[in-house]
Amino acid sequence: MIKDAIERLLFASRFLLTPLYLALAFSLLALLAKTGLHLYQFIVQLPSLNDEGVLLSELTLVDMTLTASLVVIVFISGYTNFVAPVAMRENDGRPHWIAEIDFGELKLKLMASIVAISAIKLLEGFMDVAHESDRELGWLAGIHLTFVVSALLLALTDRLGQRSRPAGGGAEGA
């Protein structure tokens, strides 16, 4: 009886995550505003920018877009995995694959996005090498390599974990 009450309370507490996912959704407005400002600056400065300046400005826009996409993946798949399943109907215009991402896939997509974002930051540093110190470039490269190695290790452990699980499930009935 007490065990059932505790379990009901614990499972109901997952709804406390909802405001956090809503905050992530609203944070897209901040990213959109910041991207708009970058785009405005890019357009205003375009006549005076050289090729490298154009590329750096475009990389900033790509970085913001990847970050926003990462946030969307996190709040939709996180909500679906941890709070409540999202009802998907055929032809509802929703990308169904997002709601079908399990926690393992979410971790891998998150790490892949972080690696891509850090690669863009590294590329920005190398494109602007005249204004970056060797130390800063070294840190950018080191951080990027750390993310790459972390993503590879996460993928490897996830793969090994899937092999070691018995077919048909986990601890049900235990």
# chains A, B, ... in the order shown; residues from 1 in each chain; ligands from 1
>>> residues_around(residues="stretch 54-68 of chain A", least_positions_apart="5", cutoff="12 Å", atoms="only C-alpha atoms", output="JSON, numbers by chain")
{"A": [24, 25, 26, 27, 28, 29, 30, 31, 32, 33, 34, 35, 36, 37, 38, 39, 40, 41, 42, 43, 44, 45, 46, 47, 48, 49, 73, 74, 75, 109, 110, 111, 112, 113, 114, 115, 116, 117, 118, 119, 120, 121, 122, 123, 124, 125, 126, 127, 128, 129]}
>>> write_last_selection(atoms="C-alpha atoms", output="compact mmCIF listing (two decimals), in the first residue's frame")
# COMPACT_ATOMS: atom_id res chain seq x y z
CA LEU A 24 13.35 25.34 -23.53
CA ALA A 25 10.60 25.94 -26.09
CA PHE A 26 10.37 29.62 -25.12
CA SER A 27 14.17 29.91 -25.21
CA LEU A 28 13.89 29.43 -28.96
CA LEU A 29 12.52 32.98 -29.07
CA ALA A 30 15.82 34.25 -27.65
CA LEU A 31 17.77 32.24 -30.23
CA LEU A 32 15.49 33.55 -32.98
CA ALA A 33 15.99 37.15 -31.84
CA LYS A 34 19.77 36.71 -31.62
CA THR A 35 19.82 35.10 -35.08
CA GLY A 36 17.78 38.01 -36.43
CA LEU A 37 20.33 40.44 -35.01
CA HIS A 38 23.20 38.49 -36.56
CA LEU A 39 21.38 38.42 -39.90
CA TYR A 40 20.73 42.16 -39.75
CA GLN A 41 24.41 42.87 -38.96
CA PHE A 42 25.45 40.52 -41.75
CA ILE A 43 23.25 42.28 -44.32
CA VAL A 44 24.35 45.75 -43.21
CA GLN A 45 28.05 44.82 -43.28
CA LEU A 46 27.87 42.68 -46.43
CA PRO A 47 29.25 45.32 -48.84
CA SER A 48 32.38 45.75 -46.73
CA LEU A 49 32.96 42.07 -45.87
CA ILE A 73 15.04 17.62 -30.29
CA VAL A 74 15.71 17.78 -26.54
CA PHE A 75 12.36 19.21 -25.48
CA LYS A 109 21.85 12.92 -31.26
CA LEU A 110 22.68 15.39 -28.52
CA MET A 111 26.38 14.52 -28.66
CA ALA A 112 26.41 14.57 -32.47
CA SER A 113 24.86 18.05 -32.41
CA ILE A 114 27.38 19.24 -29.81
CA VAL A 115 30.23 17.87 -31.94
CA ALA A 116 28.84 19.68 -34.99
CA ILE A 117 28.47 22.93 -33.05
CA SER A 118 32.01 22.67 -31.66
CA ALA A 119 33.29 21.89 -35.18
CA ILE A 120 31.71 25.12 -36.41
CA LYS A 121 33.30 27.06 -33.55
CA LEU A 122 36.67 25.48 -34.41
CA LEU A 123 36.21 26.33 -38.08
CA GLU A 124 35.31 29.90 -37.15
CA GLY A 125 38.52 30.10 -35.12
CA PHE A 126 40.63 28.79 -37.99
CA MET A 127 38.91 31.10 -40.48
CA ASP A 128 39.77 34.05 -38.25
CA VAL A 129 43.28 32.80 -37.43
>>> select_by_dssp(residues="chain A", states="helix (DSSP H, G or I)", output="PyMOL selection string")
chain A and resi 2-48+51-82+96-99+103-127+129-131+134-164
>>> atom_distance(atom1="atom CA of A:Phe15", atom2="atom CA of A:Thr80")
11.3 Å
>>> atom_distance(atom1="atom CA of A:Arg94", atom2="atom CA of A:Ser69")
14.6 Å
>>> decode(residues="stretch 141-157 of chain A", atoms="N, CA and C atoms", output="compact mmCIF listing (two decimals), in the first residue's frame")
# COMPACT_ATOMS: atom_id res chain seq x y z
N ALA A 141 40.51 23.39 -30.44
CA ALA A 141 40.78 22.04 -30.98
C ALA A 141 40.67 20.99 -29.88
N GLY A 142 41.21 21.28 -28.71
CA GLY A 142 41.15 20.33 -27.60
C GLY A 142 39.72 20.06 -27.15
N ILE A 143 38.94 21.10 -27.05
CA ILE A 143 37.54 20.94 -26.65
C ILE A 143 36.79 20.13 -27.71
N HIS A 144 37.02 20.45 -28.98
CA HIS A 144 36.36 19.70 -30.05
C HIS A 144 36.74 18.22 -30.00
N LEU A 145 38.02 17.93 -29.85
CA LEU A 145 38.46 16.53 -29.77
C LEU A 145 37.87 15.83 -28.55
N THR A 146 37.73 16.56 -27.46
CA THR A 146 37.10 15.98 -26.27
C THR A 146 35.66 15.58 -26.56
N PHE A 147 34.93 16.47 -27.25
CA PHE A 147 33.55 16.14 -27.62
C PHE A 147 33.49 14.96 -28.59
N VAL A 148 34.40 14.92 -29.55
CA VAL A 148 34.42 13.81 -30.51
C VAL A 148 34.67 12.49 -29.79
N VAL A 149 35.69 12.45 -28.94
CA VAL A 149 36.00 11.22 -28.20
C VAL A 149 34.83 10.84 -27.28
N SER A 150 34.22 11.82 -26.62
CA SER A 150 33.07 11.54 -25.75
C SER A 150 31.92 10.95 -26.56
N ALA A 151 31.65 11.50 -27.74
CA ALA A 151 30.57 10.98 -28.57
C ALA A 151 30.87 9.55 -29.01
N LEU A 152 32.11 9.29 -29.40
CA LEU A 152 32.48 7.94 -29.81
C LEU A 152 32.35 6.95 -28.65
N LEU A 153 32.81 7.35 -27.47
CA LEU A 153 32.70 6.46 -26.31
C LEU A 153 31.25 6.23 -25.92
N LEU A 154 30.43 7.27 -26.00
CA LEU A 154 29.01 7.13 -25.69
C LEU A 154 28.34 6.18 -26.67
N ALA A 155 28.65 6.32 -27.96
CA ALA A 155 28.08 5.43 -28.97
C ALA A 155 28.54 3.99 -28.74
N LEU A 156 29.81 3.83 -28.40
CA LEU A 156 30.35 2.49 -28.15
C LEU A 156 29.69 1.84 -26.94
N THR A 157 29.58 2.59 -25.84
CA THR A 157 28.95 2.02 -24.64
C THR A 157 27.48 1.74 -24.87
